[in-house]
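Raw contents of work_26.cif, mmCIF, C-alpha atoms and all ligand atoms:
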data_input
loop_
_atom_site.label_atom_id
_atom_site.label_comp_id
_atom_site.auth_asym_id
_atom_site.auth_seq_id
_atom_site.Cartn_x
_atom_site.Cartn_y
_atom_site.Cartn_z
CA MET R 1 -61.25 -74.84 -129.97
CA ASN R 2 -58.14 -76.95 -129.93
CA GLU R 3 -58.37 -79.62 -127.29
CA ASP R 4 -54.63 -80.15 -127.16
CA SER R 5 -53.99 -76.63 -125.99
CA THR R 6 -55.80 -77.30 -122.73
CA GLY R 7 -53.28 -79.87 -121.62
CA VAL R 8 -56.09 -82.20 -120.70
CA GLY R 9 -55.66 -85.79 -121.82
CA PRO R 10 -58.32 -87.36 -123.97
CA SER R 11 -59.16 -89.91 -121.28
CA VAL R 12 -60.59 -87.27 -118.97
CA PRO R 13 -64.37 -87.22 -119.19
CA GLY R 14 -65.71 -83.87 -120.25
CA SER R 15 -62.35 -82.61 -121.43
CA GLN R 16 -63.92 -81.17 -124.56
CA TRP R 17 -65.64 -78.77 -122.22
CA TYR R 18 -62.59 -76.55 -121.93
CA ASP R 19 -60.86 -73.94 -123.97
CA ALA R 20 -58.06 -71.52 -123.39
CA ASP R 21 -60.00 -69.73 -120.68
CA ALA R 22 -60.19 -72.83 -118.55
CA GLY R 23 -57.22 -74.37 -116.82
CA PRO R 24 -56.32 -78.00 -116.50
CA LEU R 25 -58.22 -80.35 -114.28
CA VAL R 26 -56.88 -80.12 -110.77
CA ARG R 27 -57.60 -81.35 -107.30
CA PRO R 28 -56.60 -78.32 -105.27
CA TYR R 29 -58.06 -79.47 -102.01
CA ALA R 30 -55.23 -81.40 -100.40
CA MET R 31 -54.43 -78.56 -98.01
CA THR R 32 -58.03 -78.25 -96.96
CA GLY R 33 -58.30 -81.92 -96.10
CA GLY R 34 -60.52 -82.59 -99.08
CA ARG R 35 -63.08 -80.04 -98.01
CA THR R 36 -64.57 -77.92 -100.72
CA LYS R 37 -66.81 -75.80 -98.51
CA PRO R 38 -66.01 -73.80 -95.42
CA GLY R 39 -66.66 -75.52 -92.10
CA PRO R 40 -69.84 -75.70 -90.03
CA SER R 41 -70.33 -71.94 -90.09
CA ASN R 42 -71.09 -72.37 -93.79
CA VAL R 43 -70.00 -68.90 -94.69
CA ARG R 44 -69.77 -68.32 -98.40
CA PHE R 45 -67.22 -65.56 -98.55
CA ASP R 46 -68.07 -63.06 -101.24
CA LEU R 47 -65.10 -62.27 -103.47
CA ILE R 48 -65.12 -58.66 -102.36
CA ALA R 49 -65.93 -59.31 -98.72
CA LEU R 50 -63.22 -57.67 -96.64
CA VAL R 51 -61.28 -59.72 -94.14
CA VAL R 52 -59.91 -58.10 -91.01
CA VAL R 53 -57.96 -59.62 -88.15
CA ASP R 54 -59.97 -60.03 -84.98
CA ASP R 55 -58.86 -57.59 -82.31
CA ASP R 56 -59.21 -60.31 -79.70
CA PRO R 57 -57.52 -63.27 -81.41
CA PRO R 58 -56.65 -66.64 -79.85
CA GLY R 59 -53.23 -66.84 -78.21
CA PRO R 60 -49.90 -67.89 -79.69
CA ALA R 61 -50.39 -71.48 -78.56
CA GLU R 62 -53.44 -71.84 -80.78
CA GLU R 63 -51.77 -69.96 -83.58
CA SER R 64 -48.85 -72.36 -83.55
CA LEU R 65 -51.28 -75.13 -84.43
CA LEU R 66 -52.25 -73.47 -87.71
CA GLY R 67 -51.00 -74.91 -90.98
CA PRO R 68 -48.67 -72.95 -93.26
CA GLU R 69 -51.45 -71.81 -95.61
CA HIS R 70 -53.56 -70.59 -92.70
CA ARG R 71 -50.59 -68.64 -91.41
CA SER R 72 -49.73 -67.06 -94.71
CA LEU R 73 -53.34 -65.91 -95.10
CA LEU R 74 -53.31 -64.55 -91.58
CA ALA R 75 -50.06 -62.70 -92.30
CA LEU R 76 -51.63 -61.13 -95.40
CA CYS R 77 -54.68 -60.07 -93.39
CA ARG R 78 -52.47 -58.53 -90.76
CA ALA R 79 -50.56 -56.49 -93.31
CA VAL R 80 -53.70 -54.77 -94.58
CA THR R 81 -57.45 -55.29 -94.67
CA GLN R 82 -58.17 -56.83 -98.02
CA SER R 83 -60.80 -58.65 -100.01
CA VAL R 84 -61.15 -62.40 -100.43
CA ALA R 85 -60.15 -61.97 -104.09
CA GLU R 86 -56.96 -60.14 -103.20
CA LEU R 87 -56.04 -62.70 -100.58
CA SER R 88 -56.49 -65.40 -103.17
CA ALA R 89 -54.33 -63.60 -105.71
CA ASP R 90 -51.63 -62.70 -103.17
CA ALA R 91 -51.46 -66.14 -101.59
CA ASP R 92 -51.55 -67.66 -105.08
CA LEU R 93 -54.27 -70.04 -103.99
CA PRO R 94 -57.55 -70.74 -105.78
CA VAL R 95 -60.55 -68.89 -104.42
CA GLY R 96 -62.24 -72.08 -103.21
CA VAL R 97 -59.24 -73.07 -101.12
CA VAL R 98 -58.97 -69.59 -99.64
CA ARG R 99 -62.66 -69.72 -98.70
CA VAL R 100 -62.21 -72.95 -96.79
CA LEU R 101 -59.10 -71.69 -95.00
CA LEU R 102 -60.79 -68.39 -94.12
CA GLY R 103 -63.73 -70.36 -92.76
CA ASP R 104 -61.33 -72.07 -90.37
CA LEU R 105 -59.76 -68.77 -89.34
CA LEU R 106 -63.19 -67.23 -88.80
CA GLU R 107 -64.39 -70.11 -86.68
CA SER R 108 -61.32 -70.11 -84.50
CA GLY R 109 -61.64 -66.35 -84.03
CA PHE R 110 -58.57 -65.14 -85.88
CA VAL R 111 -60.40 -63.02 -88.42
CA ARG R 112 -63.70 -61.28 -89.03
CA VAL R 113 -65.40 -60.80 -92.36
CA SER R 114 -67.46 -57.89 -93.60
CA ARG R 115 -70.87 -58.42 -95.04
CA PRO R 116 -70.97 -57.85 -98.78
CA VAL R 117 -73.00 -54.99 -100.18
CA PRO R 118 -76.60 -56.21 -100.40
CA PRO R 119 -77.62 -56.48 -104.08
CA ALA R 120 -80.61 -54.17 -103.90
CA GLN R 121 -78.74 -51.52 -102.05
CA LEU R 122 -76.59 -49.57 -104.45
CA PRO R 123 -74.39 -46.93 -102.90
CA ASP R 124 -75.95 -43.49 -102.77
CA GLU R 125 -75.44 -40.81 -105.36
CA ARG R 126 -72.73 -39.10 -103.36
CA ILE R 127 -70.58 -42.22 -103.43
CA LEU R 128 -71.16 -42.73 -107.15
CA ARG R 129 -70.18 -39.11 -107.77
CA GLU R 130 -67.03 -39.73 -105.78
CA VAL R 131 -66.26 -42.79 -107.89
CA ILE R 132 -66.73 -40.85 -111.13
CA ASP R 133 -64.55 -37.97 -109.96
CA GLY R 134 -61.99 -40.46 -108.69
CA LEU R 135 -61.89 -42.22 -112.05
CA ARG R 136 -61.46 -38.91 -113.89
CA ALA R 137 -58.56 -38.02 -111.62
CA LEU R 138 -56.75 -41.33 -112.07
CA MET D 1 -80.09 -65.69 -99.81
CA ALA D 2 -76.61 -66.91 -99.06
CA TYR D 3 -75.51 -63.70 -97.38
CA GLU D 4 -78.02 -63.91 -94.59
CA ARG D 5 -76.30 -66.96 -93.29
CA SER D 6 -73.03 -65.20 -92.87
CA GLU D 7 -74.63 -62.67 -90.54
CA SER D 8 -75.71 -65.27 -88.07
CA SER D 9 -72.43 -67.09 -88.13
CA GLY D 10 -69.87 -64.68 -86.88
CA ALA D 11 -69.45 -62.41 -89.87
CA ASP D 12 -70.11 -58.81 -89.03
CA ASP D 13 -70.25 -55.52 -90.79
CA SER D 14 -67.72 -53.63 -88.73
CA ALA D 15 -65.42 -53.36 -91.72
CA ASP D 16 -68.27 -51.95 -93.81
CA SER D 17 -68.41 -48.78 -91.81
CA THR D 18 -64.89 -47.90 -92.87
CA ALA D 19 -64.54 -49.51 -96.28
CA LEU D 20 -66.76 -49.81 -99.30
CA ALA D 21 -66.00 -52.20 -102.12
CA LEU D 22 -67.81 -51.88 -105.44
CA LYS D 23 -67.81 -54.59 -108.05
CA ILE D 24 -67.84 -54.21 -111.82
CA LEU D 25 -67.88 -57.09 -114.28
CA VAL D 26 -66.12 -57.08 -117.61
CA ALA D 27 -67.63 -59.60 -119.98
CA GLY D 28 -67.39 -60.50 -123.63
CA GLY D 29 -66.19 -63.15 -126.03
CA PHE D 30 -62.77 -64.71 -126.14
CA GLY D 31 -60.07 -62.33 -127.38
CA VAL D 32 -62.27 -59.25 -127.31
CA GLY D 33 -59.93 -57.38 -124.95
CA LYS D 34 -61.17 -58.07 -121.41
CA THR D 35 -57.72 -58.67 -119.97
CA THR D 36 -56.38 -55.68 -121.90
CA LEU D 37 -59.09 -53.37 -120.55
CA VAL D 38 -58.78 -54.45 -116.92
CA GLY D 39 -55.00 -54.11 -117.19
CA ALA D 40 -55.23 -50.64 -118.74
CA VAL D 41 -57.27 -49.12 -115.92
CA SER D 42 -56.17 -51.07 -112.87
CA GLU D 43 -53.48 -53.03 -111.23
CA ILE D 44 -54.39 -56.37 -112.69
CA ARG D 45 -53.77 -59.74 -111.11
CA PRO D 46 -54.82 -63.15 -112.26
CA LEU D 47 -57.25 -64.90 -110.01
CA ARG D 48 -57.99 -68.57 -110.04
CA THR D 49 -61.30 -69.96 -109.06
CA GLU D 50 -62.50 -73.47 -109.34
CA GLU D 51 -65.75 -75.30 -109.54
CA GLN D 52 -66.76 -78.88 -109.30
CA LEU D 53 -67.65 -80.22 -112.66
CA SER D 54 -70.95 -81.52 -111.42
CA ARG D 55 -72.05 -77.95 -110.85
CA ALA D 56 -71.46 -77.18 -114.47
CA GLY D 57 -73.75 -80.05 -115.33
CA GLU D 58 -71.21 -81.84 -117.46
CA PHE D 59 -69.71 -84.53 -115.33
CA VAL D 60 -71.24 -85.86 -112.15
CA ASP D 61 -69.03 -88.03 -110.04
CA ASP D 62 -70.82 -89.51 -107.09
CA THR D 63 -68.60 -92.50 -106.61
CA GLY D 64 -66.80 -91.18 -103.57
CA GLY D 65 -66.34 -88.40 -101.05
CA VAL D 66 -65.59 -84.79 -101.82
CA ASP D 67 -61.94 -85.56 -102.54
CA GLN D 68 -63.04 -87.69 -105.47
CA LYS D 69 -64.75 -84.84 -107.21
CA THR D 70 -62.91 -83.30 -110.09
CA THR D 71 -62.77 -79.56 -110.29
CA THR D 72 -61.70 -77.22 -113.00
CA THR D 73 -59.80 -74.01 -112.57
CA VAL D 74 -61.02 -70.94 -114.38
CA ALA D 75 -58.81 -67.89 -114.65
CA MET D 76 -60.36 -64.48 -114.14
CA ASP D 77 -58.89 -61.05 -114.53
CA PHE D 78 -59.03 -59.21 -111.28
CA GLY D 79 -58.17 -55.57 -110.87
CA ARG D 80 -58.54 -53.01 -108.16
CA ILE D 81 -58.89 -49.26 -108.51
CA THR D 82 -58.52 -47.35 -105.28
CA ILE D 83 -60.70 -44.26 -105.37
CA ARG D 84 -59.67 -43.21 -101.90
CA SER D 85 -58.86 -44.94 -98.68
CA GLY D 86 -61.94 -46.99 -97.90
CA LEU D 87 -63.49 -46.81 -101.36
CA SER D 88 -62.36 -49.22 -104.04
CA LEU D 89 -63.63 -50.51 -107.36
CA TYR D 90 -63.02 -54.16 -108.08
CA LEU D 91 -63.04 -55.32 -111.67
CA PHE D 92 -63.61 -58.91 -112.66
CA GLY D 93 -63.02 -59.97 -116.23
CA THR D 94 -64.76 -63.25 -116.86
CA PRO D 95 -64.94 -65.55 -119.83
CA GLY D 96 -68.04 -64.74 -121.80
CA GLN D 97 -69.15 -68.23 -122.77
CA ASP D 98 -72.40 -69.55 -121.35
CA ARG D 99 -70.69 -72.43 -119.66
CA PHE D 100 -69.11 -70.01 -117.25
CA TRP D 101 -72.48 -68.71 -116.04
CA PHE D 102 -71.84 -70.30 -112.66
CA LEU D 103 -69.07 -67.74 -112.17
CA TRP D 104 -71.22 -64.87 -113.33
CA ASP D 105 -74.04 -65.80 -111.03
CA GLU D 106 -71.77 -65.24 -108.11
CA LEU D 107 -69.97 -62.23 -109.52
CA SER D 108 -73.13 -60.39 -110.48
CA GLN D 109 -74.50 -60.59 -106.92
CA GLY D 110 -74.33 -57.07 -105.63
CA ALA D 111 -72.43 -55.83 -108.68
CA LEU D 112 -72.69 -52.15 -109.51
CA GLY D 113 -72.83 -53.03 -113.19
CA ALA D 114 -71.07 -54.59 -116.12
CA VAL D 115 -69.09 -53.70 -119.20
CA VAL D 116 -69.84 -55.88 -122.20
CA LEU D 117 -66.93 -55.68 -124.60
CA ALA D 118 -67.77 -56.16 -128.24
CA ASP D 119 -65.79 -56.60 -131.43
CA THR D 120 -67.79 -55.55 -134.49
CA ARG D 121 -66.19 -58.34 -136.53
CA ARG D 122 -67.76 -60.89 -134.18
CA LEU D 123 -70.66 -59.04 -132.65
CA GLU D 124 -72.56 -62.27 -131.93
CA ASP D 125 -69.91 -63.23 -129.36
CA CYS D 126 -71.38 -60.75 -126.94
CA PHE D 127 -75.03 -61.78 -127.37
CA PRO D 128 -74.95 -64.17 -124.38
CA ALA D 129 -73.53 -61.48 -122.11
CA VAL D 130 -76.07 -58.90 -123.27
CA ASP D 131 -78.91 -61.36 -122.68
CA TYR D 132 -77.54 -62.32 -119.31
CA PHE D 133 -77.41 -58.77 -117.95
CA GLU D 134 -80.68 -57.71 -119.56
CA HIS D 135 -82.56 -60.59 -117.97
CA ARG D 136 -81.11 -59.92 -114.55
CA LYS D 137 -81.62 -56.17 -114.85
CA ILE D 138 -77.97 -55.51 -114.15
CA PRO D 139 -76.95 -52.12 -115.55
CA PHE D 140 -74.42 -52.52 -118.35
CA VAL D 141 -72.77 -50.57 -121.11
CA VAL D 142 -71.58 -52.04 -124.37
CA ALA D 143 -68.01 -51.00 -125.10
CA VAL D 144 -67.00 -51.54 -128.70
CA ASN D 145 -63.31 -52.28 -128.78
CA CYS D 146 -62.15 -50.61 -131.96
CA PHE D 147 -59.57 -53.00 -133.32
CA THR D 148 -57.55 -51.69 -136.21
CA GLY D 149 -58.74 -53.23 -139.45
CA ALA D 150 -62.29 -53.56 -138.26
CA ARG D 151 -64.74 -51.45 -140.20
CA ALA D 152 -65.84 -48.56 -138.07
CA TYR D 153 -69.45 -48.77 -136.94
CA GLY D 154 -71.29 -46.05 -135.12
CA ALA D 155 -72.70 -46.55 -131.65
CA ALA D 156 -76.25 -46.38 -133.02
CA GLU D 157 -75.56 -49.14 -135.52
CA VAL D 158 -74.16 -51.41 -132.84
CA SER D 159 -77.09 -50.63 -130.59
CA ARG D 160 -79.51 -51.63 -133.35
CA ALA D 161 -77.57 -54.75 -134.27
CA LEU D 162 -77.62 -55.88 -130.65
CA ASP D 163 -81.26 -54.87 -130.24
CA LEU D 164 -80.38 -53.09 -127.03
CA ASP D 165 -82.99 -51.59 -124.75
CA ARG D 166 -83.29 -47.89 -125.31
CA GLY D 167 -80.93 -46.06 -123.00
CA THR D 168 -78.28 -48.75 -122.78
CA PRO D 169 -75.10 -46.82 -123.52
CA VAL D 170 -72.80 -47.89 -126.34
CA VAL D 171 -69.27 -46.53 -126.07
CA LEU D 172 -66.53 -46.82 -128.66
CA CYS D 173 -63.22 -47.52 -126.98
CA ASP D 174 -59.67 -48.69 -127.28
CA ALA D 175 -59.18 -51.29 -124.58
CA ARG D 176 -55.42 -50.65 -124.54
CA ASP D 177 -55.85 -47.00 -123.68
CA ARG D 178 -56.18 -46.03 -120.04
CA ASP D 179 -58.20 -42.87 -120.64
CA SER D 180 -60.50 -44.70 -122.98
CA GLY D 181 -61.01 -47.47 -120.43
CA LYS D 182 -61.66 -44.91 -117.69
CA GLU D 183 -64.31 -43.27 -119.88
CA VAL D 184 -66.06 -46.63 -120.28
CA LEU D 185 -66.15 -47.10 -116.51
CA ILE D 186 -67.38 -43.55 -115.95
CA ARG D 187 -70.22 -44.07 -118.43
CA LEU D 188 -71.14 -47.27 -116.61
CA VAL D 189 -71.16 -45.71 -113.15
CA GLU D 190 -73.24 -42.78 -114.42
CA TYR D 191 -75.68 -45.16 -116.07
CA ALA D 192 -75.89 -47.44 -113.03
CA GLY D 193 -76.72 -44.40 -110.93
CA ARG D 194 -79.48 -43.34 -113.34
CA MET D 195 -80.94 -46.86 -113.45
CA HIS D 196 -80.93 -47.10 -109.71
CA THR D 197 -82.63 -43.75 -109.23
CA ALA D 198 -85.26 -44.67 -111.80
CA ARG D 199 -86.00 -47.93 -109.98
CA LEU D 200 -86.25 -46.19 -106.65
CA LEU D 201 -88.76 -43.76 -108.13
CA ASP D 202 -90.67 -46.71 -109.57
CA THR D 203 -91.03 -48.39 -106.22
CA VAL D 204 -92.03 -45.18 -104.49
CA GLY D 205 -94.55 -44.08 -107.13
N1 LIG R 301 -55.25 -53.65 -132.11
C1 LIG R 301 -55.85 -53.86 -130.94
N2 LIG R 301 -55.55 -54.99 -130.29
C2 LIG R 301 -56.15 -55.23 -129.09
C3 LIG R 301 -57.07 -54.33 -128.54
N3 LIG R 301 -57.54 -54.83 -127.36
C4 LIG R 301 -56.94 -56.01 -127.21
N4 LIG R 301 -56.09 -56.25 -128.22
C5 LIG R 301 -55.28 -57.45 -128.43
O1 LIG R 301 -56.18 -58.54 -128.63
C6 LIG R 301 -55.71 -59.70 -128.01
C7 LIG R 301 -56.76 -60.26 -127.05
O2 LIG R 301 -56.98 -59.37 -126.00
P1 LIG R 301 -57.29 -59.88 -124.52
O3 LIG R 301 -57.37 -58.68 -123.65
O4 LIG R 301 -56.33 -60.93 -124.11
O5 LIG R 301 -58.73 -60.53 -124.72
P2 LIG R 301 -59.62 -61.35 -123.68
O6 LIG R 301 -59.62 -62.76 -124.14
O7 LIG R 301 -60.98 -60.76 -123.82
O8 LIG R 301 -59.04 -61.18 -122.32
C8 LIG R 301 -54.43 -59.31 -127.29
O9 LIG R 301 -53.33 -59.72 -128.07
C9 LIG R 301 -54.51 -57.81 -127.19
O10 LIG R 301 -53.24 -57.21 -127.20
C10 LIG R 301 -57.35 -53.10 -129.26
O11 LIG R 301 -58.12 -52.26 -128.84
N5 LIG R 301 -56.71 -52.94 -130.45
MG MG R 302 -58.28 -62.69 -121.08
#
Output the file's structure as structure tokens, nothing else.
Amino acid sequence: MNEDSTGVGPSVPGSQWYDADAGPLVRPYAMTGGRTKPGPSNVRFDLIALVVVDDDPPGPAEESLLGPEHRSLLALCRAVTQSVAELSADADLPVGVVRVLLGDLLESGFVRVSRPVPPAQLPDERILREVIDGLRAL
Amino acid sequence: MAYERSESSGADDSADSTALALKILVAGGFGVGKTTLVGAVSEIRPLRTEEQLSRAGEFVDDTGGVDQKTTTTVAMDFGRITIRSGLSLYLFGTPGQDRFWFLWDELSQGALGAVVLADTRRLEDCFPAVDYFEHRKIPFVVAVNCFTGARAYGAAEVSRALDLDRGTPVVLCDARDRDSGKEVLIRLVEYAGRMHTARLLDTVG
């Protein structure tokens, strides 16, 4: 693997760790106030957990206190229920940042989050059949 | 498990009753065609995720607060296939090197199954992925991406070369072709269903 192609300077410890699949070293947490984990609620949002707006959200006064990234996420959630992964791709923010921001929105009651499918509980045969037929029809 | 926490902290399952999201992983060595496959069958979007280096065990920085920690960004391929309103397949194409296991550990939680893409010219590149899914008993199919110029191997040969468990499907495919990619996913979903049924019978009997 060519180290130069990563754009990481030789002075960065561990830079040999990367290849073309890894991006440059970044510190993407400025907008989260340096936090790398969601707030006290400690929710670890699954990538395919679905985020919906709360039907009883805080008022406009509280909303006006939100930062621009919080608002753009909220706007995306309002447009359509979508997964954490989609929110991250649409907002063009790294997943970790989106998780922290969603944690804030969850705690202040702007959004709700679905529970991910429990690992041991695969969907039943009917659903799988539907998926197969759906794929064939694509 | 991490999920249990979210239940007691305000997350609820009200969205589950209307929407079901299924997750499929696409793994394999660099340049094997993961991005191509996800793009052929779904509306693909790049997704960035990031990890602190200390988690990858390479570089531990405990000199300061969280803002001092260096993170790395890893790009994933992310695609969605809408089966119908309320039922979607999510595809995640992840780098197949062992140093990205931290990503896989999260992605494979609750995954329906995985596609391991293989290139017969560099079959060993997919060994780590095969091992990973075998050990965790995650249903997977091996999809041999038939690059032009590569000598054609049969599915049985590939299966033997990879020492796959009996029953693990091997599918020959062209990652650029939508129908071929769809067939790979169909084989995986069928197989995941069979595996699941077999396990249920095991626990009952
Ligand atoms: N000839 C041929 N080229 C392919 C095929 N699949 C992928 N490629 C090419 O191989 C290269 C690597 O594919 P990519 O999807 O980026 O691999 P990834 O690193 O696994 O995501 C790209 O230039 C693709 O266009 C295939 O089935 N046949
Ligand atoms: Mg790729």
Within-8 Å residues of ligand LIG 301 (chain R), basis only C-alpha atoms and all ligand atoms, as a PDB file with C-alpha atoms, keeping the file's coordinate frame:
ATOM      1  CA  ASP R  21     -60.000 -69.730-120.680  1.00  0.00           C
TER       2      ASP R  21
ATOM      3  CA  ALA D  27     -67.630 -59.600-119.980  1.00  0.00           C
ATOM      4  CA  GLY D  28     -67.390 -60.500-123.630  1.00  0.00           C
ATOM      5  CA  GLY D  29     -66.190 -63.150-126.030  1.00  0.00           C
ATOM      6  CA  PHE D  30     -62.770 -64.710-126.140  1.00  0.00           C
ATOM      7  CA  GLY D  31     -60.070 -62.330-127.380  1.00  0.00           C
ATOM      8  CA  VAL D  32     -62.270 -59.250-127.310  1.00  0.00           C
ATOM      9  CA  GLY D  33     -59.930 -57.380-124.950  1.00  0.00           C
ATOM     10  CA  LYS D  34     -61.170 -58.070-121.410  1.00  0.00           C
ATOM     11  CA  THR D  35     -57.720 -58.670-119.970  1.00  0.00           C
ATOM     12  CA  THR D  36     -56.380 -55.680-121.900  1.00  0.00           C
ATOM     13  CA  LEU D  37     -59.090 -53.370-120.550  1.00  0.00           C
ATOM     14  CA  ASP D  77     -58.890 -61.050-114.530  1.00  0.00           C
ATOM     15  CA  GLY D  93     -63.020 -59.970-116.230  1.00  0.00           C
ATOM     16  CA  PRO D  95     -64.940 -65.550-119.830  1.00  0.00           C
ATOM     17  CA  LEU D 117     -66.930 -55.680-124.600  1.00  0.00           C
ATOM     18  CA  ASN D 145     -63.310 -52.280-128.780  1.00  0.00           C
ATOM     19  CA  CYS D 146     -62.150 -50.610-131.960  1.00  0.00           C
ATOM     20  CA  PHE D 147     -59.570 -53.000-133.320  1.00  0.00           C
ATOM     21  CA  THR D 148     -57.550 -51.690-136.210  1.00  0.00           C
ATOM     22  CA  CYS D 173     -63.220 -47.520-126.980  1.00  0.00           C
ATOM     23  CA  ASP D 174     -59.670 -48.690-127.280  1.00  0.00           C
ATOM     24  CA  ALA D 175     -59.180 -51.290-124.580  1.00  0.00           C
ATOM     25  CA  ARG D 176     -55.420 -50.650-124.540  1.00  0.00           C
ATOM     26  CA  ASP D 177     -55.850 -47.000-123.680  1.00  0.00           C
TER      27      ASP D 177
END
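For the residues R:Ala91, R:Ile127, R:Leu66, R:Val113, ranking by smallest atom-to-atom distance to chain D using only C-alpha atoms places R:Val113 first.
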Polymer residues at most 12 Å from segment 186-200 of chain D, all atoms listed in the file, same-chain spacing of 3 or more positions, as a VMD selection string: (chain R and resid 119 to 138) or (chain D and resid 22 to 26 41 89 111 to 116 137 to 143 167 to 173 179 to 183 203 to 205)
Report the distance between atom CA of Thr72 of chain D and atom CA of Leu107 of chain D in Å, rounded to one decimal place. 17.5 Å
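Closest to ligand MG 302 (chain R) among D:Phe127, D:Tyr132, D:Phe78, D:Tyr90 is D:Phe78, based on only C-alpha atoms and all ligand atoms.
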Counting only C-alpha atoms, which of R:Val95, R:Pro57, R:Val100, R:Gly109 gets nearest to chain D? R:Val95
Counting all atoms listed in the file, which residue out of D:Leu201, D:Ala21, D:Ala156, D:Val38 sits closest to ligand MG 302 (chain R)? D:Val38
Which polymer residues have any atom within 10 Å of an atom of Ala161 of chain D, counting only C-alpha atoms, with same-chain residues fewer than 4 positions away left out, as a PyMOL selection string? chain D and resi 120+123-124+155-157
Write out, as a short mmCIF file (atom, residue, chain, number, x, y, z; two decimals), keeping the file's coordinate frame, the residues just selected, with C-alpha atoms.
data_model
loop_
_atom_site.label_atom_id
_atom_site.label_comp_id
_atom_site.auth_asym_id
_atom_site.auth_seq_id
_atom_site.Cartn_x
_atom_site.Cartn_y
_atom_site.Cartn_z
CA THR D 120 -67.79 -55.55 -134.49
CA LEU D 123 -70.66 -59.04 -132.65
CA GLU D 124 -72.56 -62.27 -131.93
CA ALA D 155 -72.70 -46.55 -131.65
CA ALA D 156 -76.25 -46.38 -133.02
CA GLU D 157 -75.56 -49.14 -135.52
#
Figure out the distance between atom CA of Ser108 of chain D and atom CA of Ala75 of chain R, please, to one decimal in Å. 29.5 Å
If I wrap all listed atoms of segment 75-94 of chain R in a box with edges along x, y and z and add 5 Å on each side, what are its centre and edge lengths in Å to one decimal, as AutoDock Vina command-line options?
--center_x -55.6 --center_y -62.8 --center_z -98.3 --size_x 21.1 --size_y 26.0 --size_z 25.0
Could you check how far atom CA of Phe110 of chain R sits from atom CA of Ser64 of chain R, in Å to one decimal? 12.3 Å
Taking all atoms listed in the file into account, name the residue in D:Val158, D:Ala118, D:Val184, D:Ala152 that is nearest to chain R. D:Val184
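When only C-alpha atoms are used to measure the gap to Leu91 of chain D, the shortest distance among D:Ala129, D:Ile44, D:Ala19, D:Leu164 belongs to D:Ile44.
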Applying 12 Å and all atoms listed in the file, which residues near segment 76-80 of chain R remain after dropping the ones on its own chain fewer than 4 positions away? List them as a list in words.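 Within the cut-off, the hits are Leu50, Val51, Val52, Val53, Asp54, Asp55, Pro57, Glu69, His70, Arg71, Ser72, Val84, Glu86, Leu87, Ser88, Ala89, Asp90, Ala91, Asp92, Val98, Leu102, Leu105, Phe110, Val111, Arg112 and Val113 of chain R; Ser85 and Gly86 of chain D.
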Quick one: residues within 6 Å of (-62.6, -61.5, -104.9) (file frame), counting only C-alpha atoms, please, as a PyMOL selection string. chain R and resi 47-48+83-85
